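S.K.: This is target_33.tsv (TSV, C-alpha atoms and all ligand atoms).
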chain	number	residue	atom	x	y	z
A	223	MET	CA	-67.69	-52.88	74.46
A	224	GLU	CA	-67.20	-53.64	70.76
A	225	ARG	CA	-63.84	-51.89	70.48
A	226	ARG	CA	-61.95	-49.43	72.62
A	227	LEU	CA	-62.03	-46.12	70.76
A	228	LYS	CA	-59.65	-43.19	70.83
A	229	ILE	CA	-61.75	-40.05	70.75
A	230	GLY	CA	-60.80	-36.36	70.63
A	231	ILE	CA	-63.41	-34.06	72.21
A	232	THR	CA	-63.59	-30.32	71.62
A	233	CYS	CA	-66.10	-28.03	73.34
A	234	TYR	CA	-66.28	-24.62	74.96
A	235	PRO	CA	-64.59	-25.66	78.20
A	236	THR	CA	-65.42	-22.70	80.39
A	237	LEU	CA	-69.16	-22.21	80.28
A	238	GLY	CA	-72.58	-23.43	79.36
A	239	GLY	CA	-74.56	-26.62	79.13
A	240	SER	CA	-72.72	-27.71	75.98
A	241	GLY	CA	-69.41	-27.75	77.87
A	242	VAL	CA	-71.04	-29.65	80.73
A	243	VAL	CA	-72.54	-32.29	78.43
A	244	ALA	CA	-69.32	-32.71	76.40
A	245	THR	CA	-67.22	-33.08	79.54
A	246	GLU	CA	-69.61	-35.50	81.28
A	247	LEU	CA	-69.80	-37.55	78.09
A	248	GLY	CA	-65.99	-37.75	77.94
A	249	LYS	CA	-65.80	-38.80	81.59
A	250	ILE	CA	-68.37	-41.56	81.17
A	251	LEU	CA	-66.81	-42.85	77.94
A	252	ALA	CA	-63.45	-42.97	79.75
A	253	GLU	CA	-65.04	-44.98	82.57
A	254	LYS	CA	-66.34	-47.38	79.93
A	255	GLY	CA	-62.75	-47.92	78.76
A	256	HIS	CA	-62.45	-45.58	75.78
A	257	GLU	CA	-59.44	-43.27	75.55
A	258	ILE	CA	-60.56	-39.63	75.65
A	259	HIS	CA	-58.45	-36.65	74.55
A	260	PHE	CA	-59.90	-33.22	75.36
A	261	ILE	CA	-58.54	-30.65	72.89
A	262	THR	CA	-59.54	-27.25	74.26
A	263	HIS	CA	-58.08	-23.86	75.23
A	264	SER	CA	-58.41	-24.57	78.96
A	265	VAL	CA	-59.22	-27.49	81.22
A	266	PRO	CA	-63.00	-28.19	81.02
A	267	PHE	CA	-64.53	-26.83	84.24
A	268	ARG	CA	-66.42	-30.01	85.07
A	269	LEU	CA	-63.46	-32.34	84.47
A	270	GLY	CA	-62.71	-32.67	88.19
A	271	LYS	CA	-60.02	-34.92	89.55
A	272	PHE	CA	-57.59	-37.05	87.59
A	273	GLN	CA	-59.28	-39.97	85.91
A	274	LYS	CA	-57.95	-42.97	84.03
A	275	ASN	CA	-58.22	-42.80	80.22
A	276	ILE	CA	-58.59	-39.01	80.13
A	277	PHE	CA	-55.98	-36.75	78.53
A	278	TYR	CA	-55.94	-33.02	78.04
A	279	HIS	CA	-54.24	-31.14	75.19
A	280	GLU	CA	-54.14	-27.38	75.50
A	281	VAL	CA	-54.62	-25.23	72.42
A	282	GLU	CA	-52.12	-22.40	72.52
A	283	VAL	CA	-52.85	-19.43	70.34
A	284	ASN	CA	-50.02	-17.99	68.28
A	285	ASP	CA	-50.04	-14.22	68.78
A	286	TYR	CA	-47.30	-13.39	66.29
A	287	TYR	CA	-47.16	-9.59	65.99
A	288	VAL	CA	-48.61	-9.36	62.43
A	289	PHE	CA	-51.86	-10.90	63.64
A	290	ARG	CA	-54.40	-8.26	64.57
A	291	TYR	CA	-56.63	-11.09	65.85
A	292	PRO	CA	-54.73	-14.17	67.06
A	293	PRO	CA	-56.11	-17.09	64.99
A	294	TYR	CA	-57.55	-19.43	67.63
A	295	ASP	CA	-59.46	-21.49	65.06
A	296	LEU	CA	-56.32	-22.29	63.06
A	297	SER	CA	-54.37	-23.18	66.19
A	298	LEU	CA	-57.23	-25.48	67.22
A	299	ALA	CA	-57.35	-27.18	63.79
A	300	SER	CA	-53.56	-27.73	63.86
A	301	LYS	CA	-53.71	-29.09	67.40
A	302	MET	CA	-56.55	-31.45	66.47
A	303	ALA	CA	-54.52	-32.80	63.54
A	304	GLN	CA	-51.38	-33.10	65.65
A	305	VAL	CA	-53.15	-34.97	68.48
A	306	ALA	CA	-55.01	-37.18	65.99
A	307	LYS	CA	-51.75	-38.24	64.34
A	308	MET	CA	-49.75	-38.63	67.54
A	309	GLN	CA	-52.43	-40.53	69.44
A	310	ASN	CA	-53.84	-42.36	66.45
A	311	LEU	CA	-57.37	-41.07	67.14
A	312	ASP	CA	-60.35	-42.81	65.57
A	313	LEU	CA	-62.52	-39.73	65.59
A	314	LEU	CA	-63.06	-36.16	66.70
A	315	HIS	CA	-66.34	-35.37	68.46
A	316	VAL	CA	-66.87	-31.62	68.39
A	317	HIS	CA	-69.56	-29.60	70.13
A	318	TYR	CA	-70.76	-26.61	68.07
A	319	ALA	CA	-70.55	-26.25	64.31
A	320	VAL	CA	-68.70	-22.93	64.43
A	321	PRO	CA	-65.81	-22.94	64.81
A	322	HIS	CA	-65.29	-26.48	66.10
A	323	ALA	CA	-66.73	-28.52	63.20
A	324	ILE	CA	-64.89	-26.36	60.69
A	325	CYS	CA	-61.65	-26.96	62.61
A	326	ALA	CA	-62.36	-30.70	62.66
A	327	TYR	CA	-62.88	-30.62	58.89
A	328	LEU	CA	-59.51	-28.90	58.42
A	329	ALA	CA	-57.86	-31.42	60.76
A	330	LYS	CA	-59.32	-34.28	58.77
A	331	GLU	CA	-57.96	-32.77	55.56
A	332	MET	CA	-54.53	-32.73	57.21
A	333	VAL	CA	-54.75	-36.24	58.67
A	334	GLY	CA	-56.64	-38.16	55.99
A	335	GLU	CA	-59.96	-39.98	55.61
A	336	GLY	CA	-59.09	-42.44	58.39
A	337	LEU	CA	-60.06	-39.77	60.91
A	338	LYS	CA	-63.84	-39.42	61.32
A	339	THR	CA	-65.72	-36.41	62.68
A	340	VAL	CA	-68.94	-36.19	64.68
A	341	THR	CA	-70.58	-32.80	65.32
A	342	THR	CA	-73.14	-32.09	68.01
A	343	LEU	CA	-75.33	-29.03	67.51
A	344	HIS	CA	-76.36	-27.37	70.76
A	345	GLY	CA	-78.55	-24.52	69.62
A	346	THR	CA	-76.88	-21.18	69.67
A	347	ASP	CA	-74.76	-22.15	66.64
A	348	ILE	CA	-77.98	-22.57	64.67
A	349	THR	CA	-80.58	-20.35	66.34
A	350	VAL	CA	-78.26	-17.34	66.60
A	351	LEU	CA	-75.34	-17.75	64.20
A	352	ALA	CA	-77.30	-19.20	61.29
A	353	GLN	CA	-79.44	-16.02	61.25
A	354	ASP	CA	-76.31	-14.24	60.02
A	355	GLU	CA	-76.28	-14.59	56.21
A	356	SER	CA	-72.50	-14.23	56.13
A	357	LEU	CA	-72.04	-17.32	58.33
A	358	LYS	CA	-74.70	-19.56	56.77
A	359	ASP	CA	-72.45	-21.10	54.11
A	360	LEU	CA	-69.76	-21.78	56.68
A	361	ILE	CA	-72.16	-23.53	59.08
A	362	ARG	CA	-73.67	-25.52	56.20
A	363	LEU	CA	-70.16	-26.63	55.14
A	364	ALA	CA	-69.30	-27.63	58.72
A	365	ILE	CA	-72.44	-29.76	58.94
A	366	ASN	CA	-72.17	-31.32	55.50
A	367	LYS	CA	-68.53	-32.26	55.97
A	368	SER	CA	-69.12	-34.04	59.31
A	369	ASP	CA	-69.35	-37.82	59.14
A	370	ALA	CA	-72.27	-37.68	61.57
A	371	VAL	CA	-74.27	-34.81	63.00
A	372	THR	CA	-76.31	-34.97	66.17
A	373	ALA	CA	-78.63	-32.38	67.71
A	374	VAL	CA	-80.01	-32.13	71.22
A	375	SER	CA	-83.72	-31.88	70.29
A	376	ASN	CA	-86.14	-32.47	67.43
A	377	ASP	CA	-86.86	-28.78	67.45
A	378	LEU	CA	-83.19	-28.02	66.77
A	379	ILE	CA	-83.08	-30.61	63.97
A	380	GLN	CA	-86.08	-28.93	62.33
A	381	GLU	CA	-84.63	-25.45	62.78
A	382	THR	CA	-81.31	-26.58	61.27
A	383	ARG	CA	-83.11	-27.99	58.25
A	384	ASP	CA	-85.30	-24.91	57.81
A	385	LEU	CA	-82.57	-22.31	58.24
A	386	LEU	CA	-79.75	-24.03	56.40
A	387	ASP	CA	-81.51	-26.26	53.93
A	388	ILE	CA	-79.65	-29.32	55.22
A	389	HIS	CA	-80.70	-32.69	53.83
A	390	LYS	CA	-78.26	-35.11	55.43
A	391	PRO	CA	-79.56	-37.19	58.37
A	392	ILE	CA	-79.19	-35.62	61.81
A	393	ASP	CA	-79.31	-37.97	64.80
A	394	LEU	CA	-81.44	-36.90	67.74
A	395	THR	CA	-79.33	-37.31	70.88
A	396	TYR	CA	-80.92	-35.66	73.90
A	397	ASN	CA	-78.74	-34.25	76.65
A	398	PHE	CA	-78.36	-36.35	79.78
A	399	VAL	CA	-77.49	-36.13	83.45
A	400	ASP	CA	-75.35	-38.52	85.45
A	401	LYS	CA	-77.77	-40.23	87.82
A	402	ARG	CA	-74.96	-40.71	90.35
A	403	VAL	CA	-74.68	-36.93	90.67
A	404	TYR	CA	-78.18	-35.62	89.98
A	405	TYR	CA	-80.69	-36.94	92.51
A	406	PRO	CA	-82.56	-35.20	95.37
A	407	ARG	CA	-79.92	-34.29	97.95
A	408	GLU	CA	-80.52	-33.92	101.67
A	409	CYS	CA	-80.49	-30.14	102.01
A	410	SER	CA	-82.63	-29.11	105.00
A	411	SER	CA	-79.86	-27.09	106.63
A	412	LEU	CA	-78.90	-25.31	103.40
A	413	ARG	CA	-82.59	-24.60	102.78
A	414	SER	CA	-83.07	-23.13	106.22
A	415	ASP	CA	-80.33	-20.56	105.42
A	416	PHE	CA	-82.77	-18.98	102.98
A	417	VAL	CA	-86.35	-19.74	104.03
A	418	GLY	CA	-88.50	-20.42	107.04
A	419	LYS	CA	-90.56	-23.61	107.42
A	420	ASP	CA	-93.57	-22.43	105.44
A	421	GLU	CA	-91.79	-20.52	102.72
A	422	LYS	CA	-91.16	-21.79	99.17
A	423	ILE	CA	-88.09	-21.40	96.97
A	424	LEU	CA	-88.27	-20.49	93.29
A	425	MET	CA	-84.98	-20.74	91.42
A	426	HIS	CA	-83.51	-19.65	88.12
A	427	ILE	CA	-80.10	-20.74	86.81
A	428	SER	CA	-78.61	-19.34	83.63
A	429	ASN	CA	-75.92	-17.25	81.98
A	430	PHE	CA	-78.22	-14.19	82.17
A	431	ARG	CA	-78.24	-13.58	78.45
A	432	PRO	CA	-81.26	-11.73	76.97
A	433	VAL	CA	-82.68	-14.98	75.49
A	434	LYS	CA	-83.17	-16.31	79.04
A	435	ARG	CA	-85.75	-13.54	79.79
A	436	VAL	CA	-84.64	-13.22	83.41
A	437	SER	CA	-86.88	-10.17	83.69
A	438	ASP	CA	-89.84	-12.56	83.24
A	439	VAL	CA	-88.41	-14.67	86.08
A	440	VAL	CA	-88.68	-11.64	88.37
A	441	ASP	CA	-92.21	-10.81	87.18
A	442	VAL	CA	-93.39	-14.39	87.76
A	443	PHE	CA	-91.81	-14.43	91.20
A	444	ALA	CA	-93.37	-11.07	92.17
A	445	LYS	CA	-96.83	-12.41	91.31
A	446	VAL	CA	-96.25	-15.70	93.16
A	447	ALA	CA	-94.92	-13.87	96.24
A	448	GLU	CA	-98.19	-11.91	96.49
A	449	HIS	CA	-99.99	-15.20	97.26
A	450	ILE	CA	-97.37	-17.53	98.73
A	451	PRO	CA	-94.55	-16.68	101.16
A	452	SER	CA	-91.51	-17.36	99.01
A	453	ARG	CA	-87.99	-16.42	97.98
A	454	LEU	CA	-86.27	-16.26	94.60
A	455	LEU	CA	-82.74	-17.65	94.26
A	456	LEU	CA	-80.84	-16.48	91.18
A	457	VAL	CA	-77.82	-18.58	90.23
A	458	GLY	CA	-75.25	-17.63	87.57
A	459	GLU	CA	-73.88	-14.48	86.05
A	460	GLY	CA	-74.08	-12.67	82.75
A	461	PRO	CA	-74.80	-9.49	80.81
A	462	GLU	CA	-78.37	-8.92	82.08
A	463	LEU	CA	-77.46	-9.15	85.75
A	464	PRO	CA	-77.10	-5.38	86.47
A	465	LYS	CA	-80.48	-4.69	84.79
A	466	ILE	CA	-82.10	-7.44	86.85
A	467	GLN	CA	-80.57	-6.15	90.09
A	468	HIS	CA	-81.98	-2.72	89.28
A	469	LYS	CA	-85.43	-4.16	88.51
A	470	ILE	CA	-85.49	-6.07	91.79
A	471	ARG	CA	-84.63	-2.93	93.77
A	472	SER	CA	-87.18	-0.83	91.92
A	473	MET	CA	-89.88	-3.44	92.67
A	474	GLY	CA	-88.89	-3.46	96.36
A	475	LEU	CA	-88.08	-7.19	96.22
A	476	GLU	CA	-84.47	-7.03	97.45
A	477	ASN	CA	-85.25	-8.77	100.75
A	478	LYS	CA	-86.84	-11.71	98.96
A	479	VAL	CA	-84.29	-12.30	96.21
A	480	HIS	CA	-80.85	-13.85	96.73
A	481	PHE	CA	-78.03	-13.78	94.18
A	482	LEU	CA	-75.87	-16.88	94.51
A	483	GLY	CA	-73.50	-16.19	91.60
A	484	LYS	CA	-71.88	-19.11	89.76
A	485	GLN	CA	-72.13	-22.42	91.58
A	486	ASP	CA	-70.32	-25.69	90.90
A	487	ASP	CA	-72.32	-28.11	93.00
A	488	VAL	CA	-75.50	-27.64	91.03
A	489	ALA	CA	-77.24	-30.80	92.30
A	490	HIS	CA	-77.07	-29.55	95.89
A	491	VAL	CA	-78.19	-26.05	94.99
A	492	ILE	CA	-81.14	-27.26	92.91
A	493	SER	CA	-82.23	-29.70	95.61
A	494	ILE	CA	-83.27	-26.80	97.87
A	495	ALA	CA	-85.70	-25.42	95.26
A	496	ASP	CA	-89.43	-26.10	94.97
A	497	ILE	CA	-89.71	-24.79	91.43
A	498	MET	CA	-87.28	-24.06	88.59
A	499	LEU	CA	-88.18	-21.11	86.36
A	500	LEU	CA	-87.15	-21.25	82.68
A	501	PRO	CA	-89.15	-18.69	80.65
A	502	SER	CA	-86.59	-18.53	77.76
A	503	GLU	CA	-87.17	-17.03	74.38
A	504	LYS	CA	-84.89	-19.59	72.72
A	505	GLU	CA	-83.77	-22.89	74.20
A	506	SER	CA	-82.75	-25.83	72.07
A	507	PHE	CA	-82.96	-28.14	75.09
A	508	GLY	CA	-82.71	-26.45	78.53
A	509	LEU	CA	-80.20	-28.57	80.44
A	510	VAL	CA	-81.05	-26.86	83.72
A	511	ALA	CA	-84.65	-28.10	83.49
A	512	LEU	CA	-83.28	-31.63	83.17
A	513	GLU	CA	-80.93	-31.14	86.12
A	514	ALA	CA	-83.92	-29.90	88.11
A	515	MET	CA	-86.09	-32.81	86.95
A	516	ALA	CA	-83.45	-35.31	88.07
A	517	CYS	CA	-83.48	-33.69	91.52
A	518	GLY	CA	-87.29	-33.92	91.66
A	519	VAL	CA	-87.92	-30.21	91.00
A	520	PRO	CA	-90.67	-29.33	88.46
A	521	THR	CA	-90.07	-26.56	85.91
A	522	ILE	CA	-92.38	-23.67	85.12
A	523	GLY	CA	-91.28	-22.30	81.78
A	524	SER	CA	-92.04	-21.37	78.19
A	525	PHE	CA	-92.88	-23.49	75.15
A	526	ALA	CA	-89.67	-22.26	73.47
A	527	GLY	CA	-87.59	-24.59	71.26
A	528	GLY	CA	-86.93	-28.02	72.72
A	529	ILE	CA	-88.30	-27.34	76.23
A	530	PRO	CA	-91.60	-29.19	75.51
A	531	GLU	CA	-89.62	-32.31	74.50
A	532	LEU	CA	-88.06	-32.31	77.93
A	533	VAL	CA	-90.70	-30.93	80.27
A	534	THR	CA	-94.00	-32.78	79.91
A	535	HIS	CA	-96.64	-30.06	80.27
A	536	GLY	CA	-99.02	-30.96	83.10
A	537	GLU	CA	-96.86	-33.86	84.35
A	538	THR	CA	-93.33	-32.72	85.15
A	539	GLY	CA	-93.99	-28.98	84.97
A	540	PHE	CA	-96.13	-26.37	83.26
A	541	LEU	CA	-95.32	-24.44	80.09
A	542	SER	CA	-96.79	-21.20	78.77
A	543	PRO	CA	-96.37	-19.02	75.68
A	544	ILE	CA	-93.13	-16.98	75.73
A	545	GLY	CA	-93.66	-13.83	77.83
A	546	ASP	CA	-96.97	-14.94	79.42
A	547	THR	CA	-95.84	-14.30	82.99
A	548	GLU	CA	-99.47	-14.23	84.23
A	549	ASP	CA	-100.01	-17.83	83.15
A	550	MET	CA	-96.61	-18.93	84.48
A	551	ALA	CA	-97.35	-17.36	87.88
A	552	HIS	CA	-100.83	-18.91	87.93
A	553	ASN	CA	-99.32	-22.35	87.23
A	554	ALA	CA	-96.64	-21.93	89.88
A	555	ILE	CA	-99.24	-20.90	92.49
A	556	SER	CA	-101.53	-23.85	91.64
A	557	LEU	CA	-98.64	-26.29	91.91
A	558	LEU	CA	-97.27	-24.88	95.16
A	559	GLN	CA	-100.70	-24.76	96.79
A	560	ASP	CA	-101.68	-28.34	95.95
A	561	GLU	CA	-99.52	-30.78	97.93
A	562	SER	CA	-100.77	-33.92	96.27
A	563	MET	CA	-100.30	-32.50	92.75
A	564	TYR	CA	-96.81	-31.36	93.75
A	565	SER	CA	-95.75	-34.81	94.96
A	566	ARG	CA	-97.21	-36.39	91.79
A	567	PHE	CA	-95.11	-33.99	89.69
A	568	ARG	CA	-92.03	-34.69	91.78
A	569	GLU	CA	-92.34	-38.46	91.27
A	570	ALA	CA	-92.97	-37.97	87.55
A	571	CYS	CA	-89.84	-35.79	87.33
A	572	LEU	CA	-87.66	-38.43	88.98
A	573	HIS	CA	-89.08	-41.21	86.83
A	574	ARG	CA	-88.75	-39.29	83.56
A	575	ALA	CA	-85.16	-38.19	84.21
A	576	ARG	CA	-84.12	-41.74	85.12
A	577	THR	CA	-85.85	-43.49	82.25
A	578	GLN	CA	-85.49	-41.02	79.36
A	579	PHE	CA	-82.43	-38.87	79.98
A	580	CYS	CA	-79.99	-40.89	82.03
A	581	ASN	CA	-76.30	-41.24	81.25
A	582	ASP	CA	-76.40	-44.97	80.38
A	583	LEU	CA	-79.00	-44.51	77.68
A	584	ILE	CA	-77.58	-41.46	75.96
A	585	THR	CA	-73.89	-42.36	76.11
A	586	ALA	CA	-74.75	-45.71	74.52
A	587	GLU	CA	-76.43	-43.78	71.70
A	588	TYR	CA	-73.26	-41.77	71.13
A	589	GLU	CA	-71.21	-44.97	71.08
A	590	ARG	CA	-73.56	-46.44	68.46
A	591	ILE	CA	-73.00	-43.35	66.30
A	592	TYR	CA	-69.21	-43.61	66.70
A	593	TYR	CA	-69.19	-47.28	65.68
A	594	ARG	CA	-71.45	-46.49	62.74
A	595	VAL	CA	-69.19	-43.77	61.29
A	596	LEU	CA	-66.20	-46.06	61.76
A	597	GLY	CA	-67.98	-48.86	59.94
A	598	ILE	CA	-68.07	-51.10	63.03
A	599	GLU	CA	-71.76	-52.03	63.12
A	601	LIG	O1	-78.01	-21.35	76.60
A	601	LIG	C1	-76.91	-20.87	76.46
A	601	LIG	O2	-76.77	-19.66	76.35
A	601	LIG	C2	-75.64	-21.72	76.51
A	601	LIG	C3	-75.63	-22.80	75.44
A	601	LIG	C4	-74.37	-23.66	75.63
A	601	LIG	O3	-73.44	-23.50	74.87
A	601	LIG	O4	-74.35	-24.48	76.54
A	601	LIG	O5	-76.77	-23.63	75.60
A	601	LIG	C5	-77.20	-24.38	74.50
A	601	LIG	O6	-76.77	-25.74	74.67
A	601	LIG	C6	-77.28	-26.39	75.84
A	601	LIG	C7	-76.70	-27.80	75.91
A	601	LIG	O7	-77.10	-28.57	74.81
A	601	LIG	C8	-78.82	-26.42	75.80
A	601	LIG	O8	-79.32	-27.02	76.98
A	601	LIG	C9	-79.36	-24.97	75.68
A	601	LIG	O9	-80.76	-25.03	75.54
A	601	LIG	C10	-78.73	-24.29	74.47
A	601	LIG	N1	-79.11	-22.87	74.48
A	601	LIG	C11	-79.91	-22.31	73.56
A	601	LIG	O10	-80.42	-22.94	72.66
A	601	LIG	C12	-80.18	-20.85	73.74
What does this structure look like when you write it as structure tokens?
Ligand code: GMT

M.R.:
Amino acid sequence: MERRLKIGITCYPTLGGSGVVATELGKILAEKGHEIHFITHSVPFRLGKFQKNIFYHEVEVNDYYVFRYPPYDLSLASKMAQVAKMQNLDLLHVHYAVPHAICAYLAKEMVGEGLKTVTTLHGTDITVLAQDESLKDLIRLAINKSDAVTAVSNDLIQETRDLLDIHKPIDLTYNFVDKRVYYPRECSSLRSDFVGKDEKILMHISNFRPVKRVSDVVDVFAKVAEHIPSRLLLVGEGPELPKIQHKIRSMGLENKVHFLGKQDDVAHVISIADIMLLPSEKESFGLVALEAMACGVPTIGSFAGGIPELVTHGETGFLSPIGDTEDMAHNAISLLQDESMYSRFREACLHRARTQFCNDLITAEYERIYYRVLGIE
């Protein structure tokens, strides 16, 4: 290690792949000897047990009675500045441009140029928020004022440039999984809770937002189940869930579909699946496809966003145009019916996750970026 750094990390601590990646990154950097200060409104859900070099600073929102909307963003910016001064932080690494990079910019104005800021773009901040003309200037400011900006796929870099007319360099830093956590787990007894010996398991994990096209998941499954005895396991919760439950009942599939709700031990859950379904409309990366890949489970999905950078079409999964559930089902059936192709895909998944997206590789890239912005080359 060139120098032990003191890093503040801000993310959405309660949900989503961005929170998972930010928290795992903090944990691994702490293991490597850096001092990590999470500055968030609640304890990040993947933080787990007490660990050396990790500190947590809670952002408390001031709800003084004149405020119609308590100003979380201002409380966060003040907390960032306060922690940076008190702990002598080298830099703030924030996940999401809005509001976190704007807050980091304000904190830096309060602390002084000695404090550097690194922003990681995860997708929704660009693909959804930057469509809103009233927010464009704010997001552009957040990006331009960061000392370094990273994005989780080439597709997201391109979209950021196109939508916001950004010219500064953006580092490509793919998401990663911790290889000590994500590997094929022994799960025969868990599997037998859901399926018989000759049945297959298709799985979908998401926050059930419209962009995930969970309705397509059900259509693909229905077509597959006509040819192959199989079950669909749906993991997660979100706004589309009631609609999906209704669809499943109206298609008479309720005995073949299981709702598992939110699950913490994702590596175990994924390990019981034969196929992961990810037919999203927008997906800057698709962390769940990587988690599946690391557990040896191929993904059948769409060509949306950064998914093709992660899932190699025809090697670690199959991709189709968004909404083409016929093609997705056809691919899933071919893969499930051909044992030798399936085991080739499984090996390719394990190899690709270990060599391209493992924690050692990607966390070292983040460290290089930190040292660069601090002028320690
Ligand atoms: O996909 C979501 O709705 C959640 C969102 C998040 O905040 O975690 O996901 C975004 O960031 C993930 C981590 O980098 C990516 O894997 C997801 O692809 C990205 N989601 C979208 O682009 C829609």

S.K.: Within 7 Å of ligand LIG 601 (chain A) (counting all atoms listed in the file), which residues show up? I'd like them as a PDB file with C-alpha atoms, in the coordinates of the input.

M.R.:
ATOM      1  CA  LEU A 237     -69.160 -22.210  80.280  1.00  0.00           C
ATOM      2  CA  GLY A 238     -72.580 -23.430  79.360  1.00  0.00           C
ATOM      3  CA  GLY A 239     -74.560 -26.620  79.130  1.00  0.00           C
ATOM      4  CA  SER A 240     -72.720 -27.710  75.980  1.00  0.00           C
ATOM      5  CA  GLY A 241     -69.410 -27.750  77.870  1.00  0.00           C
ATOM      6  CA  VAL A 243     -72.540 -32.290  78.430  1.00  0.00           C
ATOM      7  CA  HIS A 344     -76.360 -27.370  70.760  1.00  0.00           C
ATOM      8  CA  GLY A 345     -78.550 -24.520  69.620  1.00  0.00           C
ATOM      9  CA  THR A 346     -76.880 -21.180  69.670  1.00  0.00           C
ATOM     10  CA  THR A 349     -80.580 -20.350  66.340  1.00  0.00           C
ATOM     11  CA  VAL A 374     -80.010 -32.130  71.220  1.00  0.00           C
ATOM     12  CA  ASN A 397     -78.740 -34.250  76.650  1.00  0.00           C
ATOM     13  CA  ASN A 429     -75.920 -17.250  81.980  1.00  0.00           C
ATOM     14  CA  ARG A 431     -78.240 -13.580  78.450  1.00  0.00           C
ATOM     15  CA  VAL A 433     -82.680 -14.980  75.490  1.00  0.00           C
ATOM     16  CA  LYS A 504     -84.890 -19.590  72.720  1.00  0.00           C
ATOM     17  CA  GLU A 505     -83.770 -22.890  74.200  1.00  0.00           C
ATOM     18  CA  SER A 506     -82.750 -25.830  72.070  1.00  0.00           C
ATOM     19  CA  PHE A 507     -82.960 -28.140  75.090  1.00  0.00           C
ATOM     20  CA  GLY A 508     -82.710 -26.450  78.530  1.00  0.00           C
ATOM     21  CA  LEU A 509     -80.200 -28.570  80.440  1.00  0.00           C
ATOM     22  CA  VAL A 510     -81.050 -26.860  83.720  1.00  0.00           C
TER      23      VAL A 510
END

S.K.: Atom CA of A:Ala444 to atom CA of A:Thr538: how many Å, to one decimal?

M.R.: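 The value is 22.8 Å.
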
S.K.: Taking 4 positions as the minimum chain separation for residues in the same chain, which residues sit within 12 Å of A:Arg576 when counting all atoms listed in the file? Answer as a PyMOL selection string.

M.R.: chain A and resi 398-405+512-513+515-518+569-572+580-584

S.K.: Save the residues we just selected, C-alpha atoms, as a PDB file, in the frame of the given file?

M.R.:
ATOM      1  CA  PHE A 398     -78.360 -36.350  79.780  1.00  0.00           C
ATOM      2  CA  VAL A 399     -77.490 -36.130  83.450  1.00  0.00           C
ATOM      3  CA  ASP A 400     -75.350 -38.520  85.450  1.00  0.00           C
ATOM      4  CA  LYS A 401     -77.770 -40.230  87.820  1.00  0.00           C
ATOM      5  CA  ARG A 402     -74.960 -40.710  90.350  1.00  0.00           C
ATOM      6  CA  VAL A 403     -74.680 -36.930  90.670  1.00  0.00           C
ATOM      7  CA  TYR A 404     -78.180 -35.620  89.980  1.00  0.00           C
ATOM      8  CA  TYR A 405     -80.690 -36.940  92.510  1.00  0.00           C
ATOM      9  CA  LEU A 512     -83.280 -31.630  83.170  1.00  0.00           C
ATOM     10  CA  GLU A 513     -80.930 -31.140  86.120  1.00  0.00           C
ATOM     11  CA  MET A 515     -86.090 -32.810  86.950  1.00  0.00           C
ATOM     12  CA  ALA A 516     -83.450 -35.310  88.070  1.00  0.00           C
ATOM     13  CA  CYS A 517     -83.480 -33.690  91.520  1.00  0.00           C
ATOM     14  CA  GLY A 518     -87.290 -33.920  91.660  1.00  0.00           C
ATOM     15  CA  GLU A 569     -92.340 -38.460  91.270  1.00  0.00           C
ATOM     16  CA  ALA A 570     -92.970 -37.970  87.550  1.00  0.00           C
ATOM     17  CA  CYS A 571     -89.840 -35.790  87.330  1.00  0.00           C
ATOM     18  CA  LEU A 572     -87.660 -38.430  88.980  1.00  0.00           C
ATOM     19  CA  CYS A 580     -79.990 -40.890  82.030  1.00  0.00           C
ATOM     20  CA  ASN A 581     -76.300 -41.240  81.250  1.00  0.00           C
ATOM     21  CA  ASP A 582     -76.400 -44.970  80.380  1.00  0.00           C
ATOM     22  CA  LEU A 583     -79.000 -44.510  77.680  1.00  0.00           C
ATOM     23  CA  ILE A 584     -77.580 -41.460  75.960  1.00  0.00           C
TER      24      ILE A 584
END

S.K.: Find the residues near A:Gly334: any atom within 12 Å, counting all atoms listed in the file, skip ones fewer than 2 places away on the same chain, and give them as a list in words.

M.R.: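 The contact residues come out as Ala303, Ala306, Lys307, Asn310, Leu311, Asp312, Leu313, Ala326, Tyr327, Leu328, Ala329, Lys330, Glu331, Met332, Gly336, Leu337, Lys338 and Thr339 of chain A.
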
S.K.: How many Å separate atom CA of A:Phe272 from atom CA of A:Leu227?

M.R.: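 Interatomic distance, atom CA of A:Phe272 to atom CA of A:Leu227: 19.6 Å.
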
S.K.: I want to know what sits within 9 Å of A:Glu503, based on only C-alpha atoms, with residues of the same chain fewer than 5 positions away left out; could you give that as number ranges by chain?

M.R.: A: 432-435, 524-527, 544-545

S.K.: Calculate how many Å separate atom CA of A:Asp369 from atom CA of A:Val340, rounding to one decimal.

M.R.: 5.8 Å

S.K.: When distances are computed from only C-alpha atoms, which of A:Ser452, A:Ser297, A:Ser375, A:Ser556 shows the smallest separation from A:Val479?

M.R.: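 Checking each candidate against A:Val479, we get A:Ser452 as the closest.
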
S.K.: Each residue of stretch 286-349 of chain A with at least one atom at most 10 Å from stretch 388-395 of chain A should appear once, together with its nearest atom pair and the corresponding distance in Å (one decimal); atoms considered: all atoms listed in the file; ordering: chain, then increasing residue number; output as a Markdown table.

M.R.:
| residue | atom | partner | partner_atom | distance |
| --- | --- | --- | --- | --- |
| A:Thr341 | CA | A:Ile392 | CA | 9.7 |
| A:Thr342 | CA | A:Thr395 | CA | 8.6 |
| A:Leu343 | CA | A:Ile392 | CA | 9.5 |

S.K.: Emit the selected residues as a PDB file, in the coordinates of the input, including C-alpha atoms.

M.R.:
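This is the output file result_28.pdb:
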ATOM      1  CA  THR A 341     -70.580 -32.800  65.320  1.00  0.00           C
ATOM      2  CA  THR A 342     -73.140 -32.090  68.010  1.00  0.00           C
ATOM      3  CA  LEU A 343     -75.330 -29.030  67.510  1.00  0.00           C
TER       4      LEU A 343
END
